[in-house]
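Visitor: Dropping in run.tsv, with TSV, C-alpha atoms.
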```tsv
chain	number	residue	atom	x	y	z
A	620	MET	CA	-9.23	-0.01	-2.94
A	621	ASP	CA	-8.39	-1.48	0.43
A	622	MET	CA	-10.28	-4.63	1.44
A	623	LEU	CA	-11.85	-3.15	4.58
A	624	PRO	CA	-15.58	-3.98	4.62
A	625	GLY	CA	-16.53	-0.36	5.44
A	626	TYR	CA	-14.89	0.93	2.24
A	627	GLU	CA	-16.62	-1.64	0.08
A	628	ARG	CA	-20.01	-0.98	1.73
A	629	ALA	CA	-19.65	2.79	1.22
A	630	VAL	CA	-18.74	2.38	-2.47
A	631	ARG	CA	-21.62	-0.04	-3.10
A	632	GLU	CA	-24.06	2.38	-1.45
A	633	CYS	CA	-22.78	5.63	-3.00
A	634	VAL	CA	-21.59	4.40	-6.41
A	635	PRO	CA	-23.45	1.11	-7.03
A	636	HIS	CA	-22.25	0.73	-10.65
A	637	ALA	CA	-18.55	1.24	-9.87
A	638	LEU	CA	-16.10	-1.52	-10.75
A	639	ILE	CA	-14.32	-2.41	-7.52
A	640	VAL	CA	-10.67	-3.51	-7.82
A	641	PHE	CA	-9.05	-4.67	-4.60
A	642	ASP	CA	-5.50	-3.42	-4.29
A	643	LYS	CA	-2.87	-6.13	-4.70
A	644	PHE	CA	-0.63	-4.48	-2.06
A	645	HIS	CA	-3.31	-5.00	0.60
A	646	ILE	CA	-3.92	-8.57	-0.56
A	647	ALA	CA	-0.18	-9.28	-0.28
A	648	GLN	CA	-0.15	-7.66	3.16
A	649	GLN	CA	-2.91	-10.03	4.33
A	650	LEU	CA	-0.99	-12.98	2.89
A	651	MET	CA	2.18	-11.93	4.74
A	652	ARG	CA	0.21	-11.75	8.00
A	653	SER	CA	-1.03	-15.29	7.42
A	654	VAL	CA	2.50	-16.61	6.76
A	655	ASP	CA	3.79	-14.82	9.86
A	656	THR	CA	0.97	-16.26	11.97
A	657	VAL	CA	1.97	-19.77	10.84
A	658	ARG	CA	5.60	-18.95	11.77
A	659	LYS	CA	4.63	-17.62	15.23
A	660	ASP	CA	2.41	-20.63	15.99
A	661	GLU	CA	5.11	-23.07	14.94
A	662	ALA	CA	7.84	-21.17	16.81
A	663	ARG	CA	5.69	-21.27	19.97
A	664	ARG	CA	5.08	-25.01	19.54
A	665	LEU	CA	8.78	-25.72	18.94
A	666	SER	CA	9.93	-23.54	21.85
A	667	GLU	CA	7.83	-25.72	24.18
A	668	GLN	CA	10.11	-28.57	23.06
A	669	ASP	CA	13.23	-26.36	23.55
A	670	ILE	CA	13.82	-26.08	19.80
A	671	ASP	CA	14.84	-22.56	18.72
A	672	VAL	CA	15.20	-23.21	15.00
A	673	LEU	CA	12.81	-20.38	13.96
A	674	LYS	CA	14.44	-17.66	16.03
A	675	LYS	CA	15.17	-14.50	13.96
A	676	THR	CA	13.68	-15.94	10.75
A	677	LYS	CA	10.65	-13.66	10.32
A	678	TYR	CA	11.98	-11.72	7.32
A	679	ILE	CA	13.39	-14.82	5.64
A	680	TRP	CA	9.83	-16.05	5.19
A	681	LEU	CA	8.33	-12.66	4.31
A	682	LYS	CA	10.86	-11.31	1.81
A	683	ASN	CA	10.78	-12.14	-1.87
A	684	PRO	CA	13.57	-14.63	-2.70
A	685	GLU	CA	15.40	-12.13	-4.92
A	686	ASN	CA	15.62	-9.69	-1.98
A	687	LEU	CA	17.21	-12.12	0.48
A	688	THR	CA	20.78	-11.51	1.58
A	689	GLU	CA	23.33	-14.27	1.00
A	690	GLY	CA	23.14	-15.29	4.66
A	691	GLN	CA	19.34	-15.42	4.54
A	692	ARG	CA	19.47	-17.59	1.39
A	693	VAL	CA	21.75	-20.08	3.13
A	694	ARG	CA	19.54	-20.12	6.24
A	695	LEU	CA	16.41	-20.60	4.11
A	696	SER	CA	17.92	-23.57	2.28
A	697	GLU	CA	18.78	-25.13	5.68
A	698	LEU	CA	15.27	-24.50	7.03
A	699	GLU	CA	13.61	-25.92	3.91
A	700	LYS	CA	15.09	-29.34	4.71
A	701	LEU	CA	13.28	-29.48	8.08
A	702	ASN	CA	9.72	-30.00	6.75
A	703	LEU	CA	8.30	-27.07	8.73
A	704	LYS	CA	4.74	-25.80	8.45
A	705	VAL	CA	6.02	-22.30	7.85
A	706	ASN	CA	7.91	-23.59	4.81
A	707	ARG	CA	4.61	-24.83	3.33
A	708	ALA	CA	3.10	-21.40	4.02
A	709	TYR	CA	6.13	-19.78	2.36
A	710	LEU	CA	5.72	-21.95	-0.74
A	711	LEU	CA	2.03	-21.01	-0.93
A	712	LYS	CA	3.00	-17.33	-0.64
A	713	GLU	CA	5.51	-17.67	-3.46
A	714	ALA	CA	3.00	-19.54	-5.62
A	715	PHE	CA	0.43	-16.78	-5.07
A	716	ARG	CA	2.90	-14.18	-6.42
A	717	HIS	CA	2.65	-15.83	-9.87
A	718	PHE	CA	-1.07	-15.00	-9.96
A	719	TRP	CA	-0.22	-11.35	-10.72
A	720	ASP	CA	1.96	-12.35	-13.70
A	721	TYR	CA	-1.02	-13.35	-15.81
A	722	THR	CA	-2.29	-11.07	-18.56
A	723	TYR	CA	-5.68	-12.64	-19.27
A	724	ARG	CA	-8.43	-12.84	-16.69
A	725	ALA	CA	-9.50	-16.40	-17.62
A	726	ASN	CA	-5.97	-17.78	-17.17
A	727	ALA	CA	-5.55	-15.87	-13.90
A	728	GLU	CA	-8.85	-17.28	-12.64
A	729	LYS	CA	-7.80	-20.87	-13.47
A	730	TYR	CA	-4.52	-20.36	-11.63
A	731	LEU	CA	-6.29	-18.74	-8.66
A	732	ASP	CA	-8.75	-21.64	-8.42
A	733	ARG	CA	-5.85	-24.14	-8.31
A	734	TRP	CA	-4.05	-22.01	-5.69
A	735	LEU	CA	-7.22	-21.77	-3.58
A	736	TRP	CA	-7.51	-25.56	-3.62
A	737	TRP	CA	-3.87	-25.93	-2.47
A	738	ALA	CA	-4.32	-23.35	0.29
A	739	THR	CA	-7.62	-24.73	1.60
A	740	HIS	CA	-6.12	-28.24	1.71
A	741	SER	CA	-2.82	-27.14	3.29
A	742	ARG	CA	-3.92	-27.90	6.87
A	743	LEU	CA	-2.56	-24.46	7.82
A	744	GLU	CA	-5.42	-22.54	9.41
A	745	PRO	CA	-4.13	-18.99	8.73
A	746	MET	CA	-3.52	-19.86	5.06
A	747	ARG	CA	-6.93	-21.50	4.83
A	748	ASP	CA	-8.57	-18.39	6.31
A	749	PHE	CA	-6.72	-16.21	3.79
A	750	ALA	CA	-7.84	-18.48	0.94
A	751	TRP	CA	-11.49	-18.25	2.05
A	752	MET	CA	-11.20	-14.47	2.21
A	753	ILE	CA	-9.81	-14.47	-1.35
A	754	ARG	CA	-12.63	-16.75	-2.49
A	755	ARG	CA	-15.24	-14.37	-0.99
A	756	HIS	CA	-13.70	-11.42	-2.88
A	757	LYS	CA	-12.63	-13.31	-6.00
A	758	LYS	CA	-14.64	-11.15	-8.41
A	759	GLU	CA	-13.17	-7.87	-7.11
A	760	ILE	CA	-9.66	-9.32	-7.13
A	761	LEU	CA	-10.02	-10.61	-10.69
A	762	ASN	CA	-11.24	-7.14	-11.75
A	763	TYR	CA	-7.55	-6.21	-11.63
A	764	PHE	CA	-7.17	-8.00	-14.96
A	765	LYS	CA	-9.85	-5.76	-16.49
A	766	VAL	CA	-8.47	-2.57	-14.95
A	767	PRO	CA	-4.84	-3.08	-13.81
A	768	ILE	CA	-4.65	-0.28	-11.23
A	769	THR	CA	-3.25	-0.13	-7.71
A	770	ASN	CA	-3.30	2.23	-4.74
A	771	ALA	CA	0.50	2.64	-4.87
A	772	SER	CA	0.49	6.36	-5.73
A	773	VAL	CA	-2.14	7.15	-3.09
A	774	GLU	CA	-0.27	5.10	-0.47
A	775	GLY	CA	2.93	6.97	-1.38
A	776	MET	CA	1.21	10.34	-0.96
A	777	ASN	CA	-0.26	9.24	2.38
A	778	ARG	CA	3.22	8.26	3.55
A	779	LYS	CA	4.59	11.66	2.49
A	780	ALA	CA	1.72	13.44	4.28
A	781	LYS	CA	2.52	11.55	7.50
A	782	VAL	CA	6.20	12.48	7.21
A	783	VAL	CA	5.30	16.17	6.68
A	784	SER	CA	3.00	16.11	9.69
A	785	GLN	CA	5.57	14.38	11.92
A	786	ARG	CA	8.38	16.64	10.77
A	787	ALA	CA	6.68	19.64	12.37
A	788	TYR	CA	5.10	17.66	15.23
A	789	GLY	CA	1.71	18.76	13.88
A	790	TYR	CA	0.41	22.10	12.61
A	791	ARG	CA	-1.80	24.65	14.35
A	792	THR	CA	-3.96	25.32	11.29
A	793	PHE	CA	-5.01	23.18	8.37
A	794	GLY	CA	-3.92	25.94	5.98
A	795	THR	CA	-0.30	25.71	7.15
A	796	PHE	CA	-0.36	21.93	6.89
A	797	GLN	CA	-1.89	22.20	3.40
A	798	LEU	CA	0.84	24.61	2.31
A	799	ALA	CA	3.54	22.25	3.61
A	800	LEU	CA	1.89	19.36	1.73
A	801	TYR	CA	1.80	21.34	-1.54
A	802	HIS	CA	5.47	22.18	-1.05
A	803	VAL	CA	6.55	18.57	-0.46
A	804	MET	CA	4.17	16.92	-2.96
A	805	GLY	CA	5.17	19.44	-5.63
A	806	ASP	CA	8.83	18.66	-4.89
A	807	LEU	CA	9.55	22.39	-4.68
A	808	PRO	CA	13.02	23.61	-3.67
A	809	MET	CA	13.54	24.83	-0.14
A	810	PRO	CA	13.54	28.65	0.05
A	811	GLU	CA	16.83	30.33	0.75
A	812	THR	CA	17.06	31.71	4.26
A	813	THR	CA	19.27	34.27	5.93
A	814	HIS	CA	20.29	31.62	8.49
A	815	ILE	CA	22.87	28.97	7.77
A	816	PHE	CA	22.69	25.78	9.81
A	817	LEU	CA	25.94	23.92	10.19
```
Using structure tokens, write down the structure that the file contains.
Guide:
Amino acid sequence: MDMLPGYERAVRECVPHALIVFDKFHIAQQLMRSVDTVRKDEARRLSEQDIDVLKKTKYIWLKNPENLTEGQRVRLSELEKLNLKVNRAYLLKEAFRHFWDYTYRANAEKYLDRWLWWATHSRLEPMRDFAWMIRRHKKEILNYFKVPITNASVEGMNRKAKVVSQRAYGYRTFGTFQLALYHVMGDLPMPETTHIFL
């Protein structure tokens, strides 16, 4: 599930024996926010000195290395030579990705403990805050290695539901909206009509 405190509180109250697994997509999303906060803070600090080196680099730091374009790869290699704080945050982000590669919980926990030490000693406040959040929810995050599930399918359905709703600019009744959802989620063919749109 998502890491929002309200969700966790509701589950603990209503289903106290449930095994809570925090979704790795939401954890990654929080990590990306922390990296971007480091980038924004450093860009602001450098712009006060009239240095525009971080302009238009947001997605270079947030993308996975294999998804970078050739131009972004070249720019990243240039930026890595400048000893920037955002580069340290980027390296921490990339190191955290390896946490999900583990198969056994004990090995994953050892790796996570090492990563938490690096992040809390990085002198990057947003990364330190993220690390403390991970430490507070360590048990629920490590539950992923007992039950490797994610919210990906639910998130995908939510995205489709939003698209269906926006396509019609809303529906007057829930029944009509429900019918449209069944149609799209079931991947049914569009009915033939007497009108032809060119």
Visitor: So what do you get for atom CA of Gln797 of chain A versus atom CA of Val782 of chain A, distance-wise?
Guide: 13.2 Å
Visitor: At a cut-off of 12 Å, using all atoms listed in the file, what residues contact Ala637 of chain A? Leave out same-chain residues fewer than 3 positions from it and give the result as a list in words.
Guide: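 My list of contacting residues is Met620, Glu627, Arg628, Ala629, Val630, Arg631, Glu632, Cys633, Val634, Val640, Glu759, Asn762 and Val766 of chain A.
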Visitor: Store the residues picked out above in a file with C-alpha atoms, as a CSV table (one decimal), in the coordinates of the input.
Guide:
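For reference, part-v2.csv as written:
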```csv
chain,number,residue,atom,x,y,z
A,620,MET,CA,-9.2,0.0,-2.9
A,627,GLU,CA,-16.6,-1.6,0.1
A,628,ARG,CA,-20.0,-1.0,1.7
A,629,ALA,CA,-19.6,2.8,1.2
A,630,VAL,CA,-18.7,2.4,-2.5
A,631,ARG,CA,-21.6,0.0,-3.1
A,632,GLU,CA,-24.1,2.4,-1.4
A,633,CYS,CA,-22.8,5.6,-3.0
A,634,VAL,CA,-21.6,4.4,-6.4
A,640,VAL,CA,-10.7,-3.5,-7.8
A,759,GLU,CA,-13.2,-7.9,-7.1
A,762,ASN,CA,-11.2,-7.1,-11.8
A,766,VAL,CA,-8.5,-2.6,-15.0
```
Visitor: What gap, in Å, lies between atom CA of Gly775 of chain A and atom CA of Leu623 of chain A?
Guide: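 Answer for the atom CA of Gly775 of chain A to atom CA of Leu623 of chain A separation: 18.9 Å.
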Visitor: So, counting only C-alpha atoms, which residue among A:Asp732, A:Glu774, A:Asp720, A:Glu744 is closest to Lys757 of chain A?
Guide: A:Asp732
Visitor: Rounded to one decimal in Å, what is the spacing between atom CA of Met622 of chain A and atom CA of Arg742 of chain A?
Guide: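 Atom-to-atom, atom CA of Met622 of chain A and atom CA of Arg742 of chain A are spaced 24.7 Å apart.
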Visitor: Smallest atom-to-atom distance to Tyr721 of chain A: which of A:Arg658, A:Lys758, A:His636, A:Lys765, using only C-alpha atoms?
Guide: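 Looking at the shortest contact to Tyr721 of chain A, the residue is A:Lys765.
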Visitor: Do a neighbour search on segment 647-652 of chain A at 10 Å with all atoms listed in the file, toss out local chain neighbours closer than 2 positions, and write the hits as a PyMOL selection string.
Guide: chain A and resi 622+642-645+654-658+680-682+708-709+711-712+715-716+745-746+748-750+752-753
Visitor: I'd like the box whose edges run along x, y and z of the file and which contains every listed atom of segment 764-776 of chain A, padded by 3 Å per side; could you state its centre and edge lengths in Å, one decimal, as AutoDock Vina command-line options?
Guide:
```
--center_x -3.5 --center_y 1.2 --center_z -8.5 --size_x 18.8 --size_y 24.3 --size_z 22.0
```
Visitor: Pick out the residues sitting within 12 Å of Asn726 of chain A, and hand them over as a VMD selection string; count all atoms listed in the file, and ignore anything fewer than 6 positions along from it in its own chain.
Guide: chain A and resid 717 to 720 732 to 733 761 764
Visitor: Counting all atoms listed in the file, which residue out of A:Leu731, A:Val783, A:Ile679, A:Ile639 sits closest to Ser696 of chain A?
Guide: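 When distances to Ser696 of chain A are compared using all atoms listed in the file, the smallest one comes from A:Ile679.
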